[in-house]
Amino acid sequence: MNESFSFGRFVKLFVKHTMDHYRSYLMSIAVIVGVLILGGSFFAYMITGLIDPGAQVVLFFFLLALAGTIFTSTIFGDLGDKKKSIPALLLPATTLEKFLVGWLYSYILFMVIFTIMYYFALTAVIYFQAMRGSREQMMVFLNYKMFILYLLFSLLHSITIFGAIFFEKLHFIKTAFCFFIAVGLAILFNTFWAKALTGKDVAPMIPFSFIAFREDNHSYVVGLKDDQIAWVMWVVVIMTICFWGAAYFRLKEKRV
């Protein structure tokens, strides 16, 4: 098989994957919708004002990241185990086609379907609140802030794929452990670096975020401008592509 990609073969592989897993995918969709509606209704009933637009965005990203990484890890998990990966690797398709099928399901289709489900679940919860006499505005799904959240999810998605293919056992737990250790070390290093740079006792600082410190009983925050944030997003894009590429070549090594 000399070709690296054949659209016809890719479509057949996509259809096969869909026919093999559509029942579990439909069940997962039903579970997520139920959790969104019932969980959102419960919290809206118990805690007043929980679903204001700001909280809606935070909840959206948290659930997107949690459900998305678990779903991605499930799709690519078998490729990390040598025994379980044999049937998938022996399919008459190239590594790129197999990778793209999993990527398409776990990234593009998942983001679209989850966003639609969240929108309808949020509509139901807001309608439930309106019946109680409390009216809340709905978050805006198409704006610059949501684009940033999708970019951050893309990075988490790429890291999850790499971890699922790289680790043979307990890939999701190991990937999450390595991720949080790396984030913790980055925050620690960035905080010490900002403290040495400014000579101030700064608050814990996430890389590329703002510097917060107090002086003469006044609080100061130094952050990036809007045009500078765009460069940070390019860093996220490059890191995401690198992890996707590393995952693909790791999968290609297994095939060899």
# chains A, B, ... in the order shown; residues from 1 in each chain; ligands from 1
>>> select_by_dssp(residues="segment 13-219 of chain A", states="helix (DSSP H, G or I)", output="ChimeraX atom specification")
/A:13-46,53-77,82-89,95-131,144-166,171-198
>>> closest_residue(among="A:Phe62, A:Phe162, A:Phe5, A:Phe210", to="Phe179 of chain A", atoms="only C-alpha atoms")
A:Phe162
>>> select_by_dssp(residues="segment 73-227 of chain A", states="strand (DSSP E)", output="PyMOL selection string")
chain A and resi 211-215+218-222
>>> write_last_selection(atoms="N, CA and C atoms", output="mmCIF file, in the first residue's frame")
data_model
loop_
_atom_site.group_PDB
_atom_site.id
_atom_site.type_symbol
_atom_site.label_atom_id
_atom_site.label_comp_id
_atom_site.auth_asym_id
_atom_site.auth_seq_id
_atom_site.Cartn_x
_atom_site.Cartn_y
_atom_site.Cartn_z
ATOM 1 N N ILE A 211 0.559 39.660 35.254
ATOM 2 C CA ILE A 211 1.320 39.716 36.500
ATOM 3 C C ILE A 211 0.525 40.534 37.502
ATOM 4 N N ALA A 212 0.266 39.957 38.663
ATOM 5 C CA ALA A 212 -0.491 40.644 39.711
ATOM 6 C C ALA A 212 0.390 40.782 40.956
ATOM 7 N N PHE A 213 0.460 42.000 41.498
ATOM 8 C CA PHE A 213 1.250 42.224 42.704
ATOM 9 C C PHE A 213 0.674 43.419 43.466
ATOM 10 N N ARG A 214 1.104 43.562 44.726
ATOM 11 C CA ARG A 214 0.657 44.660 45.572
ATOM 12 C C ARG A 214 1.852 45.528 45.947
ATOM 13 N N GLU A 215 1.599 46.832 46.005
ATOM 14 C CA GLU A 215 2.633 47.785 46.410
ATOM 15 C C GLU A 215 1.956 49.007 47.012
ATOM 16 N N HIS A 218 -1.783 48.945 47.312
ATOM 17 C CA HIS A 218 -2.524 49.011 46.060
ATOM 18 C C HIS A 218 -2.223 47.764 45.233
ATOM 19 N N SER A 219 -3.239 47.284 44.533
ATOM 20 C CA SER A 219 -3.077 46.105 43.683
ATOM 21 C C SER A 219 -2.843 46.541 42.246
ATOM 22 N N TYR A 220 -1.892 45.892 41.597
ATOM 23 C CA TYR A 220 -1.552 46.206 40.213
ATOM 24 C C TYR A 220 -1.608 44.934 39.372
ATOM 25 N N VAL A 221 -2.082 45.090 38.156
ATOM 26 C CA VAL A 221 -2.156 43.971 37.212
ATOM 27 C C VAL A 221 -1.564 44.428 35.887
ATOM 28 N N VAL A 222 -0.578 43.694 35.416
ATOM 29 C CA VAL A 222 0.070 43.990 34.139
ATOM 30 C C VAL A 222 -0.188 42.810 33.213
#
>>> atom_distance(atom1="atom CA of Asp52 of chain A", atom2="atom CA of Leu156 of chain A")
25.7 Å
>>> closest_residue(among="A:Val35, A:Ile229, A:Thr94, A:Phe42", to="Tyr144 of chain A", atoms="only C-alpha atoms")
A:Ile229
>>> closest_residue(among="A:Ser154, A:Ser6, A:Thr74, A:Thr95", to="Ile238 of chain A", atoms="only C-alpha atoms")
A:Ser154
>>> atom_distance(atom1="atom CA of Lys174 of chain A", atom2="atom CA of Ala203 of chain A")
28.8 Å
>>> residues_around(residues="Met138 of chain A", least_positions_apart="5", cutoff="10 Å", atoms="only C-alpha atoms", output="list in words")
Ile51, Asp52, Pro53, Gly54, Gln56, Val57, Tyr119, Leu122, Thr123 and Ile126 of chain A
>>> residues_around(residues="Tyr248 of chain A", least_positions_apart="6", cutoff="10 Å", atoms="only C-alpha atoms", output="list in words")
Thr95, Leu96, Lys98, Phe99, Leu100, Ile161, Phe162, Ile165 and Cys242 of chain A
